[in-house]
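Worksheet: one structure, shown below.
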Amino acid sequence: MNTTQSNEAEHLTLGVLMSGVAALALSDFVSPIYWSLPVIAALLRIAYGRRFALSEMHASFIGWFGFLWVGLELILGRAWVVAFTDFLLILALAVTIESATPRNHLHRMLTGLFLMLAGAVLTDSVLYAIPLLALMWFIWRASSCLYGLEQVGGDLPTPRIRHDFRSNSLMVVMTLSLFLLLPRFDIQSKLQPTQPRMATTGFSDHVKLGDFAHDLDSTVVMRIESLDTDTIYFKRQIMNRYWRGVVLSDYHHHVWKQRASKQTRTWSPEQDVSLQKNKPNAINVALFREASDHPYMMLANGLTHIQALHSTSFQDDLRQFHFTKPPNRRLRFVMQIAPLGSASHVPSPSEIAPQGDEKNQDVPQAIQDWVKDTIAPNIPAPQALQQLNQTLHAWTYDLHVILDEQHPLASFIQLKRGHCELYASTLALAARNLGIPARIVNGYFGGEWNDTGNFLIIRQQHAHSWVEVWLNGHWQRMDPTPASRWQLTNIQFPAWDHVWETVKLTWYRYILEFQNQDREALFKSLMNGLKLVLPWLLSCLIAVFVLYQMYQKVKKYRHTIHLHRHQHVIDMWLLQHAIKRESFEPLRRIKTPQHIKPEHWLAWLKQWEKDVYQQKPLPPIQQLKKQLKRLE
């Protein structure tokens, strides 16, 4: 066996295997302990070669150990999908350090394929495309190399790398075609218990003052894109909206909690959610939500309509929107939002009057003293609340403020600086002190406009708290946080970040969320487009075909005319050498002219026949005469 080619097969099959390992390593819940072991073994195998190897029998022991270990994991309650990937990664370790044999090379390629398939189910990162393309290239090269090993008469050489580009391009086209043609299967819902969820600040239902994040987190929570064509109008309407999350009413010992809520309206699967009458000039948007711990849905102020959610959902008396069970890890909502100014909040079927917790008069003494010192006596409660709100607006927003853990609100009032939960808590409790029912809402505000993809990004750093107060028979929003809050950001390279976020949104929308209805819509749009351009396309094809045929005729005619002229020159030259050729007589049938060397004559004759019969451009007349002259 050719040692060089055998080493190449060793490296290529390791590449196939490591591509599958990389695909699983990109998932959110595969433990680094499992995927790092085959990676380390592969590096040692490359460094030490076949000296770092086990026999097939010893390698099989590792595989059987992985099988028994995964069985134990299942007994202990580990999800079967995660246990299966653990087994595949242990098996990858076994075939990595197994002795290099044709059977081991096949084991590596098969294991790499299974790892890649598992990664397709469990990995939703756009980076998954990198190991997928790498596996396609490695498996093509490895197959070519293994096919050429130990052939009769010697090993066949592996094709050069430049020959792979055409084949890999064909593989990519075939993959895209299969992606468009094959039906979609509901896999994510079956994996629901195995996928961890990100805790989002804007949806915490248990808030202890002072535990707020002291650093701006750039993690993306959701992306909102327009389904309409007017991007300028969409940008103007979608910016600076509140996205309502969790409502907190119960305040005791510096901790906000949710009160017990009651279900007011339920929507069944496949049923559209209508929250209020559609408004003129409403914007149609698609919202892509990232992983979340809570089954709450983000509700933008002015939200009027949501398309079917494919899951049972309900709205409670706090105007929170829930799923009856935790939804899929990533969600895409299609909704309508009223223009700014036409709706200040998302109404429920009926406004629920304040409950006991929202009217609780147990207000900290520091808040009572601050209210007494800030407002003048005998001012009506609504005007006093507005004055307190304006006072808080004049304070300083500070994420890094150091508070007294035992008396956080008193410390906040003394320092006159803090974060949004302190501002909202202070105003809500001050409203209760004035006899106005109040509660705080955790959600998001504003967002960041992506100029590359023309969509809105909402990050963890846009998490926000504000206040809802009961005035004039319904709940009204008040936000005491200073405007300087929205000048803070943690994005270091916004241009690059915008491009990367656009790539990820494209991956989510057109790869992960590409469903059967998307394929049908794509085919319908293609058919409609073909109906419009088909007459023109057929006319162009017919015109191109006619012009091509005419070109070939003209080309053949010109070649014939040139051939007659050249043959006349040749016949005149032959007459000078006492040879008369009939027009139907081939040059090869006549004898060699006098005083001409036969080898020179045959060489010229061969080149002449090649030009004539392959219909190549004939040499100019002067050049032909010079060729004949040189023969003499």
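Chain lettering (A, B, ...) mirrors the order of the structure tokens, residue numbering begins at 1 for each chain separately, and ligand numbering begins at 1 in order of display.
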Do you have, as a Markdown table, the list of residues of region 199-312 of chain A lying at most 10 Å from region 435-449 of chain A, each with its nearest atom pair and that distance in Å to one decimal, counting only C-alpha atoms and ordered by chain then number?
| residue | atom | partner | partner_atom | distance |
| --- | --- | --- | --- | --- |
| A:Thr200 | CA | A:Gly443 | CA | 9.4 |
| A:Thr201 | CA | A:Gly443 | CA | 8.0 |
| A:Gly202 | CA | A:Gly443 | CA | 4.3 |
| A:Phe203 | CA | A:Asn442 | CA | 6.0 |
| A:Ser204 | CA | A:Asn442 | CA | 7.2 |
| A:Asp205 | CA | A:Asn442 | CA | 8.3 |
| A:Val207 | CA | A:Asn442 | CA | 9.5 |
| A:Val221 | CA | A:Tyr444 | CA | 9.5 |
| A:Met222 | CA | A:Gly447 | CA | 9.6 |
| A:Arg223 | CA | A:Gly447 | CA | 9.3 |
| A:Ile224 | CA | A:Trp449 | CA | 9.7 |
| A:Lys235 | CA | A:Trp449 | CA | 7.7 |
| A:Ile238 | CA | A:Gly446 | CA | 8.4 |
| A:Met239 | CA | A:Gly446 | CA | 5.7 |
| A:Asn240 | CA | A:Gly446 | CA | 4.1 |
| A:Arg241 | CA | A:Gly446 | CA | 5.4 |
| A:Tyr242 | CA | A:Phe445 | CA | 4.6 |
| A:Trp243 | CA | A:Tyr444 | CA | 5.0 |
| A:Arg244 | CA | A:Gly443 | CA | 4.9 |
| A:Gly245 | CA | A:Gly443 | CA | 4.4 |
| A:Val246 | CA | A:Asn442 | CA | 5.2 |
| A:Val247 | CA | A:Val441 | CA | 4.5 |
| A:Leu248 | CA | A:Ile440 | CA | 5.4 |
| A:Ser249 | CA | A:Arg439 | CA | 4.9 |
| A:Asp250 | CA | A:Arg439 | CA | 8.2 |
| A:Tyr251 | CA | A:Arg439 | CA | 9.2 |
| A:Trp256 | CA | A:Ile440 | CA | 8.6 |
| A:Lys257 | CA | A:Ile440 | CA | 9.9 |
| A:Gln258 | CA | A:Arg439 | CA | 9.8 |
| A:Met298 | CA | A:Gly443 | CA | 7.7 |
| A:Leu299 | CA | A:Gly443 | CA | 9.0 |
| A:Ala300 | CA | A:Tyr444 | CA | 9.1 |
Next, dump the selected residues to file, keeping only C-alpha atoms, as a PDB file, in the first residue's frame.
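Below is the file out.pdb, written as the result:
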ATOM      1  CA  THR A 200     -34.300  36.804  30.019  1.00  0.00           C
ATOM      2  CA  THR A 201     -34.189  39.800  32.356  1.00  0.00           C
ATOM      3  CA  GLY A 202     -37.285  41.363  30.838  1.00  0.00           C
ATOM      4  CA  PHE A 203     -39.401  38.384  31.838  1.00  0.00           C
ATOM      5  CA  SER A 204     -38.379  37.679  35.416  1.00  0.00           C
ATOM      6  CA  ASP A 205     -41.379  37.142  37.690  1.00  0.00           C
ATOM      7  CA  VAL A 207     -37.292  40.565  41.233  1.00  0.00           C
ATOM      8  CA  VAL A 221     -33.791  38.511  22.656  1.00  0.00           C
ATOM      9  CA  MET A 222     -35.852  39.000  19.505  1.00  0.00           C
ATOM     10  CA  ARG A 223     -35.695  40.350  15.972  1.00  0.00           C
ATOM     11  CA  ILE A 224     -38.605  42.064  14.255  1.00  0.00           C
ATOM     12  CA  LYS A 235     -38.762  51.933  10.965  1.00  0.00           C
ATOM     13  CA  ILE A 238     -41.549  50.083  15.176  1.00  0.00           C
ATOM     14  CA  MET A 239     -38.954  52.126  17.042  1.00  0.00           C
ATOM     15  CA  ASN A 240     -39.552  53.351  20.603  1.00  0.00           C
ATOM     16  CA  ARG A 241     -42.271  50.867  21.462  1.00  0.00           C
ATOM     17  CA  TYR A 242     -42.793  49.118  24.767  1.00  0.00           C
ATOM     18  CA  TRP A 243     -42.806  45.315  24.680  1.00  0.00           C
ATOM     19  CA  ARG A 244     -44.871  44.176  27.616  1.00  0.00           C
ATOM     20  CA  GLY A 245     -43.739  41.109  29.531  1.00  0.00           C
ATOM     21  CA  VAL A 246     -44.378  40.211  33.174  1.00  0.00           C
ATOM     22  CA  VAL A 247     -46.584  42.197  35.557  1.00  0.00           C
ATOM     23  CA  LEU A 248     -45.491  42.335  39.202  1.00  0.00           C
ATOM     24  CA  SER A 249     -47.926  43.486  41.905  1.00  0.00           C
ATOM     25  CA  ASP A 250     -46.868  41.911  45.198  1.00  0.00           C
ATOM     26  CA  TYR A 251     -44.092  43.835  47.013  1.00  0.00           C
ATOM     27  CA  TRP A 256     -41.504  42.065  43.637  1.00  0.00           C
ATOM     28  CA  LYS A 257     -43.594  38.996  42.772  1.00  0.00           C
ATOM     29  CA  GLN A 258     -46.563  38.188  40.608  1.00  0.00           C
ATOM     30  CA  MET A 298     -43.860  39.782  24.031  1.00  0.00           C
ATOM     31  CA  LEU A 299     -46.722  42.202  23.393  1.00  0.00           C
ATOM     32  CA  ALA A 300     -45.893  45.477  21.695  1.00  0.00           C
TER      33      ALA A 300
END
**OP:** With a distance cut-off of 9 Å and only C-alpha atoms, select the neighbouring residues of Tyr147 (chain A), excluding the residue or stretch itself and same-chain residues fewer than 5 positions from it, and output the selection as number ranges by chain.
**Re:** A: 142, 156, 158
**OP:** Find the residues near Thr111 (chain A): any atom within 8 Å, counting only C-alpha atoms, skip ones fewer than 4 places away on the same chain, and give them as a PyMOL selection string.
**Re:** chain A and resi 17+20+88+91-92+107+115
Skipping near chain neighbours, those fewer than 5 positions away, what residues fall within 6 Å of Gln460 (chain A) using only C-alpha atoms, listed as a PDB file with N, CA and C atoms, in the first residue's frame?
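File produced: out.pdb:
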ATOM      1  N   ASP A 217     -25.891  43.672  28.600  1.00  0.00           N
ATOM      2  CA  ASP A 217     -25.786  42.372  27.934  1.00  0.00           C
ATOM      3  C   ASP A 217     -26.268  42.517  26.499  1.00  0.00           C
ATOM      4  N   SER A 218     -25.405  42.192  25.534  1.00  0.00           N
ATOM      5  CA  SER A 218     -25.748  42.365  24.115  1.00  0.00           C
ATOM      6  C   SER A 218     -26.452  41.149  23.522  1.00  0.00           C
ATOM      7  N   THR A 219     -26.808  40.156  24.348  1.00  0.00           N
ATOM      8  CA  THR A 219     -27.504  38.972  23.841  1.00  0.00           C
ATOM      9  C   THR A 219     -28.829  39.376  23.200  1.00  0.00           C
TER      10      THR A 219
END
**OP:** Enumerate the residues of region 87-212 of chain A with a DSSP assignment of helix (DSSP H, G or I), computed from the backbone, and present them as number ranges by chain.
**Re:** A: 87-97, 102-122, 126-147, 161-181, 188-194, 201-203
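Interatomic distance, CA of Ser19 (chain A) to CA of Thr96 (chain A): 12.8 Å.
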Original post:
To one decimal place, how far is CA of His254 (chain A) from CA of Pro326 (chain A) in Å?
Top reply: 29.0 Å
Subject >> Nearest to Ala353 (chain A) by atom-to-atom distance, counting only C-alpha atoms, from A:Tyr48, A:Trp35, A:Phe65, A:Trp470 >> reply: A:Trp470
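Reported to one decimal place, the separation of CA of Leu37 (chain A) from CA of Arg108 (chain A) is 15.2 Å.
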Subject >> Residue contacts of region 368-378 of chain A (8 Å, only C-alpha atoms) excluding same-chain residues fewer than 4 positions away, as a PyMOL selection string >> reply: chain A and resi 363-364+384+387-388+413+430+433
The selected residues should be written to file as a PDB file, in the first residue's frame (atoms: C-alpha atoms).
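In the end it all went to again-v9.pdb:
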ATOM      1  CA  VAL A 363     -45.354  51.376  51.641  1.00  0.00           C
ATOM      2  CA  PRO A 364     -41.779  51.711  53.006  1.00  0.00           C
ATOM      3  CA  ALA A 384     -48.958  64.767  42.531  1.00  0.00           C
ATOM      4  CA  GLN A 387     -44.894  65.760  39.721  1.00  0.00           C
ATOM      5  CA  LEU A 388     -43.142  62.747  41.289  1.00  0.00           C
ATOM      6  CA  ILE A 413     -33.666  58.216  47.134  1.00  0.00           C
ATOM      7  CA  ALA A 430     -45.344  56.347  45.756  1.00  0.00           C
ATOM      8  CA  ASN A 433     -48.993  55.980  49.031  1.00  0.00           C
TER       9      ASN A 433
END
Subject >> Counting only C-alpha atoms, the residue of A:Ala603, A:Met171, A:Ala282, A:Val82 that sits nearest Ser27 (chain A) >> reply: A:Val82
Subject >> Per-residue DSSP, region 324-382 of chain A, filtered to strand (DSSP E), as a PyMOL selection string >> reply: chain A and resi 331-337
Restricting it to N, CA and C atoms, dump the selection as a short mmCIF file (atom, residue, chain, number, x, y, z; two decimals), in the first residue's frame.
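To be explicit, this is the file written out as again-v6.cif:
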data_model
loop_
_atom_site.label_atom_id
_atom_site.label_comp_id
_atom_site.auth_asym_id
_atom_site.auth_seq_id
_atom_site.Cartn_x
_atom_site.Cartn_y
_atom_site.Cartn_z
N LEU A 331 -39.29 30.83 18.30
CA LEU A 331 -40.65 31.05 17.82
C LEU A 331 -40.66 32.18 16.79
N ARG A 332 -41.56 32.03 15.85
CA ARG A 332 -41.78 33.09 14.85
C ARG A 332 -43.26 33.45 14.89
N PHE A 333 -43.54 34.73 15.17
CA PHE A 333 -44.90 35.23 15.21
C PHE A 333 -45.12 36.17 14.04
N VAL A 334 -46.27 36.09 13.43
CA VAL A 334 -46.70 37.06 12.42
C VAL A 334 -47.84 37.85 13.02
N MET A 335 -47.71 39.18 13.07
CA MET A 335 -48.67 39.99 13.80
C MET A 335 -48.88 41.33 13.12
N GLN A 336 -49.93 42.01 13.54
CA GLN A 336 -50.23 43.36 13.10
C GLN A 336 -50.14 44.30 14.30
N ILE A 337 -49.55 45.48 14.08
CA ILE A 337 -49.39 46.47 15.13
C ILE A 337 -49.96 47.78 14.64
#
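Using only C-alpha atoms for every distance, the candidate list A:Leu287, A:Gln552, A:Leu538, A:Trp137 yields A:Leu287 as the residue closest to Ile458 (chain A).
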